[in-house]
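Here's the structure, in structure tokens; my notes come after.
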Amino acid sequence: MPRPRPAVALLAVLAALTLAGCSATVSMQPADQANDPLCAEVMVRLPGALDAQPRRWTDAQSTAAWGDPSAVLLSCGVESPGPTEAQCITVAGVDWIVDDAAAPRYRITSYGRTPAVEVLTDNELVSPTTVLDGLGTAVQQLPRERQCTSTSSVLP
């Protein structure tokens, strides 16, 4: 039986070490409207990093994650929120509804755009305002149908 050549063996070891050092895929569920073609327009424009957190692979259509552990989770294709008394902020030209009931983890959903984008942030790891600013160009691909009547410019 022939012995493996040193170069082939070295490549196999390097490949194994590279894979062992990679972060695991983030398991997520796709939103109901994840297959909307407009979500594809959003997904191809997402940044490689948000607030110094590198992007990671996910296992569901129209989803994204950043950080290890995950500091930001994004899902495109969620139900668009209707009128609400919840806090609405505008960041990078996009209106967002903020749910801070589980602070320091925020659920932030784009407002006035269909399909909507939902972003979950861990405020102990990232600045939600910085994250939303980084997502602005991508989410602006969704047509604006309405806007908040009263907004603030930053998260608490």
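As shown in the structure tokens, the chain order sets the letters A, B, ...; within each chain, residues go from 1, and ligands are also counted from 1 in the order they appear.
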Non-local contacts of Asp100 (chain A) (10 Å; only C-alpha atoms; under 3 positions in same chain excluded) as an NGL selection string: :A and (86-87 or 97 or 103-108 or 155-156)
Would you save the residues of that selection, restricted to C-alpha atoms, as a compact mmCIF listing (two decimals), in the first residue's frame?
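Resulting contents of out-v4.txt:
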# COMPACT_ATOMS: atom_id res chain seq x y z
CA ALA A 86 -44.27 51.05 20.43
CA GLN A 87 -41.10 53.09 20.16
CA ILE A 97 -40.14 49.38 15.77
CA ALA A 103 -33.59 44.03 27.42
CA PRO A 104 -30.64 43.92 27.00
CA ARG A 105 -31.78 41.88 24.00
CA TYR A 106 -33.85 43.91 21.55
CA ARG A 107 -36.26 42.73 18.85
CA ILE A 108 -36.25 45.43 16.18
CA LEU A 155 -32.09 53.64 21.06
CA PRO A 156 -32.13 54.11 24.86
Would you return as a VMD selection string the members of chain A that DSSP assigns to strand (DSSP E or B) on this structure's backbone? chain A and resid 26 49 to 50 53 to 56 58 63 to 66 72 to 78 87 to 91 94 to 102 105 to 110 113 116 to 122 144 152
Tell me, which residues of chain A carry DSSP helix (DSSP H, G or I), written as a ChimeraX atom specification? /A:6-21,37-43,128-139
Give me the residues of region 99-126 of chain A that have any atom at most 7 Å from an atom of region 60-72 of chain A; for each, the nearest atom pair and the distance in Å, rounded to one decimal. Use only C-alpha atoms, sort by chain and number, and format it as JSON lines.
{"residue": "A:Val119", "atom": "CA", "partner": "A:Val72", "partner_atom": "CA", "distance": 6.8}
{"residue": "A:Leu120", "atom": "CA", "partner": "A:Val72", "partner_atom": "CA", "distance": 5.6}
{"residue": "A:Thr121", "atom": "CA", "partner": "A:Val72", "partner_atom": "CA", "distance": 4.6}
{"residue": "A:Asp122", "atom": "CA", "partner": "A:Ala71", "partner_atom": "CA", "distance": 5.1}
{"residue": "A:Leu125", "atom": "CA", "partner": "A:Ala71", "partner_atom": "CA", "distance": 5.9}
{"residue": "A:Val126", "atom": "CA", "partner": "A:Ala71", "partner_atom": "CA", "distance": 6.6}
Smallest atom-to-atom distance to Met43 (chain A): which of A:Gly82, A:Pro128, A:Gly93, A:Gly77, using only C-alpha atoms?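 Closest to Met43 (chain A), using only C-alpha atoms: A:Gly77.
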Identify, on the basis of only C-alpha atoms, every residue whose closest approach to Glu79 (chain A) does not exceed 9 Å; exclude the query and any residue fewer than 3 positions from it along the same chain; express the result as a list in words.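 What passes the distance filter is Ala31, Asp32, Gln33, Thr114, Pro115, Ala116 and Val117 of chain A.
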Keeping C-alpha atoms for every residue in the selection just given, could you write it to a file as a short mmCIF file (atom, residue, chain, number, x, y, z; two decimals), in the first residue's frame?
data_model
loop_
_atom_site.label_atom_id
_atom_site.label_comp_id
_atom_site.auth_asym_id
_atom_site.auth_seq_id
_atom_site.Cartn_x
_atom_site.Cartn_y
_atom_site.Cartn_z
CA ALA A 31 -39.74 33.64 8.14
CA ASP A 32 -43.07 32.98 6.42
CA GLN A 33 -42.19 35.25 3.47
CA THR A 114 -43.04 44.67 2.99
CA PRO A 115 -41.70 42.13 3.58
CA ALA A 116 -40.35 43.28 6.92
CA VAL A 117 -36.92 42.59 8.40
#
In Å to one decimal, how far is CA of Tyr111 (chain A) from CA of Pro81 (chain A)?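 If I compute the distance from CA of Pro81 (chain A) to CA of Tyr111 (chain A), I get 6.3 Å.
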List the spatial neighbours of Ala24 (chain A) as a list in words - criterion: any atom at most 9 Å away, only C-alpha atoms, same-chain residues fewer than 3 positions off excluded.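 Answer for this query is Ser27, Arg56, Trp57 and Thr58 of chain A.
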Which polymer residues have any atom within 12 Å of an atom of Val44 (chain A), counting only C-alpha atoms, with same-chain residues fewer than 6 positions away left out, as a list in words? Pro37, Leu38, Ser62, Thr63, Ala64, Cys76, Leu135, Thr137, Ala138, Val139 and Gln141 of chain A
Mind writing the picked residues with N, CA and C atoms as an mmCIF file, in the first residue's frame?
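New file again.cif:
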data_model
loop_
_atom_site.group_PDB
_atom_site.id
_atom_site.type_symbol
_atom_site.label_atom_id
_atom_site.label_comp_id
_atom_site.auth_asym_id
_atom_site.auth_seq_id
_atom_site.Cartn_x
_atom_site.Cartn_y
_atom_site.Cartn_z
ATOM 1 N N PRO A 37 -38.786 37.600 -3.441
ATOM 2 C CA PRO A 37 -37.601 38.058 -4.184
ATOM 3 C C PRO A 37 -36.969 39.327 -3.606
ATOM 4 N N LEU A 38 -37.757 40.155 -2.941
ATOM 5 C CA LEU A 38 -37.189 41.364 -2.334
ATOM 6 C C LEU A 38 -36.223 41.016 -1.197
ATOM 7 N N SER A 62 -32.967 33.510 3.775
ATOM 8 C CA SER A 62 -33.181 34.917 4.129
ATOM 9 C C SER A 62 -32.898 35.208 5.598
ATOM 10 N N THR A 63 -31.856 34.575 6.126
ATOM 11 C CA THR A 63 -31.418 34.850 7.493
ATOM 12 C C THR A 63 -29.929 35.175 7.489
ATOM 13 N N ALA A 64 -29.492 35.837 8.542
ATOM 14 C CA ALA A 64 -28.076 36.159 8.687
ATOM 15 C C ALA A 64 -27.758 36.268 10.171
ATOM 16 N N CYS A 76 -35.363 38.115 7.130
ATOM 17 C CA CYS A 76 -36.159 38.870 6.177
ATOM 18 C C CYS A 76 -37.386 38.036 5.833
ATOM 19 N N LEU A 135 -27.099 48.125 8.514
ATOM 20 C CA LEU A 135 -28.093 47.400 7.715
ATOM 21 C C LEU A 135 -28.914 48.314 6.814
ATOM 22 N N THR A 137 -28.489 50.290 4.118
ATOM 23 C CA THR A 137 -28.431 50.161 2.655
ATOM 24 C C THR A 137 -29.161 48.911 2.183
ATOM 25 N N ALA A 138 -29.019 47.816 2.904
ATOM 26 C CA ALA A 138 -29.673 46.566 2.509
ATOM 27 C C ALA A 138 -31.189 46.672 2.662
ATOM 28 N N VAL A 139 -31.651 47.173 3.803
ATOM 29 C CA VAL A 139 -33.094 47.216 4.072
ATOM 30 C C VAL A 139 -33.788 48.270 3.210
ATOM 31 N N GLN A 141 -33.646 48.487 0.248
ATOM 32 C CA GLN A 141 -34.050 47.826 -1.000
ATOM 33 C C GLN A 141 -35.530 47.465 -0.977
#
